[in-house]
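Pasted below: query_14.txt, compact mmCIF, C-alpha atoms.
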# COMPACT_ATOMS: atom_id res chain seq x y z
CA MET A 17 -151.37 -27.72 -138.34
CA ARG A 18 -148.36 -29.62 -139.52
CA ARG A 19 -148.83 -31.30 -142.87
CA TRP A 20 -147.17 -34.64 -143.38
CA ILE A 21 -146.37 -36.30 -146.67
CA GLY A 22 -146.37 -40.06 -146.50
CA ILE A 23 -143.57 -42.02 -148.17
CA THR A 24 -143.70 -45.79 -148.56
CA LEU A 25 -140.57 -47.94 -148.53
CA VAL A 26 -140.58 -51.34 -150.23
CA CYS A 27 -137.53 -53.35 -149.30
CA GLY A 28 -136.09 -56.58 -150.65
CA LEU A 29 -133.02 -58.60 -149.78
CA ALA A 30 -131.45 -58.14 -153.18
CA SER A 31 -132.70 -54.78 -154.34
CA GLY A 32 -132.77 -52.87 -151.08
CA CYS A 33 -135.38 -50.15 -150.54
CA VAL A 34 -137.34 -48.37 -153.22
CA THR A 35 -139.11 -45.13 -152.35
CA PHE A 36 -142.65 -44.44 -153.49
CA GLY A 37 -143.92 -41.00 -152.67
CA PRO A 38 -145.27 -37.79 -154.12
CA PRO A 39 -143.70 -36.71 -157.45
CA ASP A 40 -142.74 -33.30 -156.12
CA GLY A 41 -142.55 -31.25 -152.98
CA SER A 42 -142.90 -27.67 -151.85
CA LEU A 43 -140.38 -25.75 -149.78
CA GLN A 44 -139.23 -22.21 -149.14
CA ILE A 45 -135.76 -20.71 -149.26
CA ALA A 46 -135.32 -17.76 -146.92
CA GLY A 47 -132.33 -15.73 -145.88
CA TYR A 48 -130.60 -12.40 -145.74
CA ALA A 49 -128.17 -11.08 -148.34
CA PRO A 50 -125.80 -8.14 -147.79
CA THR A 51 -127.25 -4.89 -149.08
CA ASP A 52 -123.89 -3.46 -150.15
CA GLY A 53 -123.07 -6.03 -152.82
CA ASN A 54 -124.33 -7.56 -156.07
CA CYS A 55 -125.83 -10.83 -154.79
CA GLN A 56 -127.49 -13.67 -156.65
CA LEU A 57 -129.43 -16.70 -155.47
CA GLN A 58 -128.65 -19.91 -157.37
CA ILE A 59 -130.83 -23.02 -157.15
CA THR A 60 -129.82 -26.45 -158.42
CA ALA A 61 -132.45 -29.12 -157.80
CA PRO A 62 -134.12 -31.78 -159.99
CA GLY A 63 -137.53 -30.57 -161.06
CA ALA A 64 -137.03 -27.14 -159.53
CA SER A 65 -139.63 -24.62 -160.63
CA ASN A 66 -137.04 -21.84 -160.80
CA THR A 67 -133.41 -22.72 -161.45
CA ASP A 68 -132.18 -19.45 -162.93
CA ALA A 69 -129.91 -17.26 -160.82
CA GLU A 70 -131.77 -14.19 -159.62
CA PRO A 71 -130.63 -11.05 -157.82
CA VAL A 72 -131.45 -10.77 -154.10
CA GLN A 73 -130.82 -8.05 -151.56
CA GLY A 74 -131.67 -7.86 -147.89
CA TYR A 75 -134.31 -10.30 -146.66
CA PHE A 76 -135.54 -12.72 -149.32
CA GLN A 77 -137.95 -15.65 -149.41
CA ARG A 78 -138.64 -17.87 -152.42
CA HIS A 79 -141.15 -20.66 -152.91
CA LEU A 80 -139.82 -23.70 -154.74
CA MET A 81 -141.28 -26.92 -156.17
CA VAL A 82 -138.83 -29.82 -156.45
CA HIS A 83 -138.90 -33.56 -157.07
CA SER A 84 -139.45 -35.44 -153.84
CA SER A 85 -136.50 -37.22 -152.19
CA ARG A 86 -133.99 -35.84 -154.69
CA PRO A 87 -130.84 -33.90 -153.74
CA GLY A 88 -130.54 -30.19 -154.35
CA ARG A 89 -128.33 -27.21 -153.65
CA VAL A 90 -128.88 -23.50 -153.08
CA ALA A 91 -126.13 -20.92 -153.02
CA LEU A 92 -125.76 -17.20 -152.43
CA LEU A 93 -123.04 -15.40 -154.39
CA CYS A 94 -122.11 -11.76 -153.88
CA ASN A 95 -119.83 -9.97 -156.33
CA GLY A 96 -119.06 -13.35 -157.87
CA ARG A 97 -117.86 -14.90 -154.59
CA PRO A 98 -119.71 -17.63 -152.66
CA GLN A 99 -121.17 -16.34 -149.39
CA ALA A 100 -123.36 -19.23 -148.26
CA GLU A 101 -124.60 -22.53 -149.61
CA ARG A 102 -126.77 -25.45 -148.52
CA SER A 103 -127.10 -28.95 -149.91
CA PHE A 104 -130.38 -30.68 -149.10
CA ARG A 105 -132.61 -33.63 -149.84
CA TYR A 106 -136.32 -32.96 -149.79
CA GLY A 107 -138.07 -35.22 -147.29
CA ARG A 108 -134.94 -35.63 -145.18
CA ASP A 109 -133.52 -32.15 -144.56
CA VAL A 110 -136.64 -30.12 -145.27
CA GLY A 111 -140.33 -31.07 -145.36
CA PHE A 112 -143.48 -29.81 -147.04
CA GLY A 113 -143.78 -26.04 -146.79
CA GLU A 114 -140.78 -25.77 -144.49
CA VAL A 115 -137.94 -23.28 -144.75
CA LEU A 116 -134.41 -23.94 -145.88
CA PRO A 117 -132.38 -21.05 -144.41
CA LEU A 118 -129.55 -19.47 -146.36
CA LEU A 119 -127.85 -16.94 -144.13
CA VAL A 120 -124.61 -14.99 -144.36
CA PHE A 121 -122.65 -14.91 -141.11
CA GLU A 122 -120.29 -11.96 -140.98
CA ARG A 123 -116.83 -12.39 -139.51
CA SER A 124 -117.86 -10.09 -136.69
CA ALA A 125 -120.32 -12.72 -135.45
CA LEU A 126 -117.31 -14.89 -134.60
CA ASP A 127 -114.86 -12.20 -133.55
CA LEU A 128 -117.31 -10.36 -131.28
CA GLY A 129 -119.60 -13.23 -130.32
CA GLY A 130 -118.42 -13.08 -126.71
CA SER A 131 -118.46 -9.30 -126.38
CA THR A 132 -120.35 -7.59 -123.57
CA PRO A 133 -123.22 -6.34 -125.80
CA VAL A 134 -123.83 -9.88 -127.05
CA VAL A 135 -123.76 -11.25 -123.49
CA ARG A 136 -126.29 -8.58 -122.50
CA MET A 137 -128.50 -9.49 -125.47
CA ARG A 138 -128.37 -13.17 -124.53
CA ALA A 139 -129.47 -12.31 -121.00
CA PHE A 140 -132.46 -10.43 -122.40
CA GLN A 141 -133.36 -13.36 -124.65
CA SER A 142 -133.17 -15.79 -121.73
CA ASP A 143 -135.38 -13.62 -119.52
CA PHE A 144 -137.78 -13.06 -122.41
CA LEU A 145 -138.09 -16.83 -122.85
CA GLU A 146 -138.92 -17.23 -119.15
CA TRP A 147 -141.43 -14.38 -119.41
CA ASN A 148 -143.07 -16.10 -122.37
CA LYS A 149 -143.41 -19.41 -120.51
CA ALA A 150 -144.79 -17.75 -117.37
CA SER A 151 -147.22 -15.61 -119.39
CA LEU A 152 -148.62 -18.64 -121.21
CA ALA A 153 -149.25 -20.22 -117.81
CA ARG A 154 -150.98 -17.04 -116.60
CA LEU A 155 -153.23 -17.00 -119.65
CA ALA A 156 -154.24 -20.61 -118.99
CA GLU A 157 -154.88 -19.90 -115.30
CA HIS A 158 -156.55 -16.49 -115.42
CA GLY A 159 -158.08 -16.34 -118.89
CA PRO A 160 -157.31 -14.00 -121.82
CA SER A 161 -158.15 -10.65 -120.25
CA ARG A 162 -156.57 -11.00 -116.81
CA GLY A 163 -153.75 -13.21 -118.10
CA GLN A 164 -152.74 -10.68 -120.76
CA ALA A 165 -152.85 -7.83 -118.25
CA LEU A 166 -150.44 -9.73 -115.98
CA ALA A 167 -148.22 -10.58 -118.94
CA ASP A 168 -148.12 -6.95 -120.05
CA ALA A 169 -147.20 -5.73 -116.57
CA SER A 170 -144.35 -8.23 -116.22
CA TYR A 171 -143.07 -7.42 -119.72
CA ALA A 172 -142.96 -3.73 -118.83
CA LYS A 173 -140.65 -4.64 -115.92
CA LEU A 174 -138.49 -6.73 -118.26
CA VAL A 175 -138.08 -3.82 -120.66
CA GLU A 176 -137.36 -1.44 -117.79
CA HIS A 177 -134.58 -3.74 -116.58
CA TYR A 178 -132.81 -4.01 -119.95
CA ALA A 179 -133.66 -0.83 -121.83
CA LEU A 180 -132.27 2.66 -121.57
CA PRO A 181 -134.58 4.88 -119.48
CA GLY A 182 -137.11 6.56 -121.73
CA THR A 183 -137.03 3.84 -124.38
CA SER A 184 -140.58 3.42 -125.60
CA ARG A 185 -142.40 0.18 -126.23
CA THR A 186 -143.98 0.15 -129.64
CA VAL A 187 -145.89 -3.15 -129.75
CA MET A 188 -148.36 -5.03 -127.57
CA ARG A 189 -146.33 -8.03 -126.52
CA ARG A 190 -148.28 -11.29 -126.41
CA PRO A 191 -146.83 -14.68 -125.42
CA SER A 192 -146.82 -17.41 -128.04
CA VAL A 193 -146.17 -21.12 -128.28
CA GLU A 194 -143.00 -20.33 -130.24
CA SER A 195 -141.21 -17.67 -128.23
CA ALA A 196 -140.18 -14.64 -130.24
CA HIS A 197 -136.77 -14.75 -128.53
CA ASP A 198 -134.75 -17.73 -127.39
CA PRO A 199 -130.97 -17.76 -126.80
CA GLU A 200 -130.77 -21.37 -127.99
CA MET A 201 -132.58 -20.62 -131.26
CA GLU A 202 -131.33 -17.17 -132.30
CA GLN A 203 -128.08 -17.26 -134.23
CA VAL A 204 -125.89 -14.17 -134.34
CA LEU A 205 -125.35 -13.03 -137.92
CA ALA A 206 -123.39 -9.83 -137.31
CA VAL A 207 -122.09 -7.63 -134.51
CA HIS A 208 -121.14 -3.99 -134.97
CA ILE A 209 -119.65 -1.95 -132.13
CA LEU A 210 -118.73 1.69 -132.64
CA GLY A 211 -117.70 3.53 -129.49
CA ASP A 212 -120.60 3.35 -127.05
CA ALA A 213 -123.13 2.04 -129.58
CA ALA A 214 -123.68 -1.52 -130.73
CA SER A 215 -126.01 -3.34 -133.11
CA ILE A 216 -126.50 -7.10 -133.27
CA ARG A 217 -128.39 -8.95 -135.99
CA THR A 218 -129.80 -12.41 -135.31
CA ALA A 219 -131.78 -15.06 -137.17
CA GLN A 220 -134.24 -17.56 -135.77
CA GLN A 221 -135.45 -20.41 -137.97
CA ARG A 222 -139.08 -21.45 -137.77
CA ARG A 223 -140.94 -24.15 -139.65
CA SER A 224 -142.27 -21.77 -142.31
CA SER A 225 -140.12 -18.66 -141.92
CA VAL A 226 -136.85 -17.18 -140.73
CA ARG A 227 -137.15 -14.30 -138.28
CA ILE A 228 -134.41 -11.71 -138.36
CA HIS A 229 -134.02 -9.24 -135.50
CA GLU A 230 -131.70 -6.36 -134.85
CA TYR A 231 -130.83 -5.33 -131.30
CA ARG A 232 -129.46 -1.84 -130.72
CA LEU A 233 -127.66 -1.06 -127.49
CA GLN A 234 -125.86 1.84 -125.85
CA ARG A 235 -123.17 1.76 -123.18
CA VAL A 236 -123.97 3.74 -120.05
CA HIS A 237 -121.47 3.60 -117.17
CA GLU A 238 -120.04 0.27 -118.38
CA ASP A 239 -123.53 -1.21 -118.67
CA TRP A 240 -125.07 -1.93 -122.08
CA ARG A 241 -128.76 -1.04 -122.36
CA LEU A 242 -131.23 -1.65 -125.17
CA THR A 243 -132.25 1.41 -127.15
CA GLY A 244 -134.32 -0.49 -129.69
CA LEU A 245 -135.33 -3.90 -130.98
CA TYR A 246 -136.42 -4.35 -134.60
CA ARG A 247 -137.80 -7.19 -136.70
CA LEU A 248 -137.08 -7.43 -140.41
CA GLU A 249 -140.23 -7.46 -142.54
CA ALA A 250 -140.61 -7.52 -146.30
CA ASP A 251 -140.68 -3.71 -146.39
CA GLY A 252 -137.85 -3.10 -143.93
CA MET A 253 -137.10 -3.03 -140.22
CA LYS A 254 -140.10 -2.61 -137.90
CA PRO A 255 -140.03 -1.79 -134.15
CA ALA A 256 -140.51 -4.93 -132.04
CA LEU A 257 -139.70 -4.03 -128.43

Please express what this file holds, its structure, as structure tokens.
Amino acid sequence: MRRWIGITLVCGLASGCVTFGPPDGSLQIAGYAPTDGNCQLQITAPGASNTDAEPVQGYFQRHLMVHSSRPGRVALLCNGRPQAERSFRYGRDVGFGEVLPLLVFERSALDLGGSTPVVRMRAFQSDFLEWNKASLARLAEHGPSRGQALADASYAKLVEHYALPGTSRTVMRRPSVESAHDPEMEQVLAVHILGDAASIRTAQQRRSSVRIHEYRLQRVHEDWRLTGLYRLEADGMKPAL
């Protein structure tokens, strides 16, 4: 359930608007830092509970208390060089318990953003989104047991269409209100192509988290097929196909 924090505005002709609201707010900073560098997360915000720079590597998520309606800034530095930064105002750019993403986009995301593996990945995301919508409708129409069975059967066909023959499914795929994959929501962070193999890392922002996925593909007769799909968890990459 979404939690709202009320803020009252008192306005006058001479003085303008004065904000009365909670003295502080809660938010999360989440992102992904390169694993091959010395990276630090810096937080500058009035009333911040943790303003010291701290080392980060790979996926990170930090809880932060700040003064309400005050400006702040978070930055990621690697080997002394800025990699990403965000300025924000609590209550305007991020709400209670929500996530402020801080992601590093590699140059390859721009240079190879239109490559064939990325196009193939986007097609999978689009079809997954349609599968999710249809499966939610089936659950509502047929009930949990029959609806899930129909969803599972149609997902198996989706995987068969996009994956390399013999690629195993490792999770029970269930539809959700927030689709796990959506071409409009997943941002490409990095693309690596080496010969007939490719890997693509994406990030999808949610209200209380940032989901990071890695797609692995292989070229077979000029067609790129999925060989694996992984989701980044706190303890590393986990199969998610």

Q. Do you know which residues lie at most 12 Å from (-131.0, -33.3, -149.1), with coordinates as in the file and all atoms listed in the file counted, and could you write them as a count of residues only?
A. 23

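Nearest residue to Ser170 in chain A, choosing from A:Pro191, A:Gly53, A:Gly211, A:Gly244 and counting only C-alpha atoms: A:Pro191.
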
Go through range 62-161 of chain A residue by residue and, counting only C-alpha atoms, keep those with an atom at most 10 Å from range 212-215 of chain A; for each kept residue give the shortest atom pair and its distance in Å to one decimal, ordered by chain and increasing number, as JSON lines.
{"residue": "A:Thr132", "atom": "CA", "partner": "A:Ala214", "partner_atom": "CA", "distance": 10.0}
{"residue": "A:Pro133", "atom": "CA", "partner": "A:Ala214", "partner_atom": "CA", "distance": 6.9}
{"residue": "A:Val134", "atom": "CA", "partner": "A:Ala214", "partner_atom": "CA", "distance": 9.1}

Q | Given all atoms listed in the file as the counted atoms, nearest of A:Arg78, A:Arg247, A:Arg97, A:Arg232 to Leu180 in chain A | A | A:Arg232

Q | Atom pair CA of Asp127 in chain A / CA of Glu200 in chain A: separation (Å) | A | 19.2 Å

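Between Asn54 in chain A and the residues A:Pro255, A:Gly159, A:Gly96, A:Gly113, the shortest atom-to-atom distance, using only C-alpha atoms, involves A:Gly96.
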
(Q) Using only C-alpha atoms for the distances, tell me which of A:Ser195, A:Gln203, A:Gln164, A:Gln141 is nearest to Ile228 in chain A. (A) A:Gln203

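Between Val204 in chain A and the candidates A:Ala69, A:Val120, A:Val115, A:Ala167, the tightest atom-to-atom separation, counting all atoms listed in the file, involves A:Val120.
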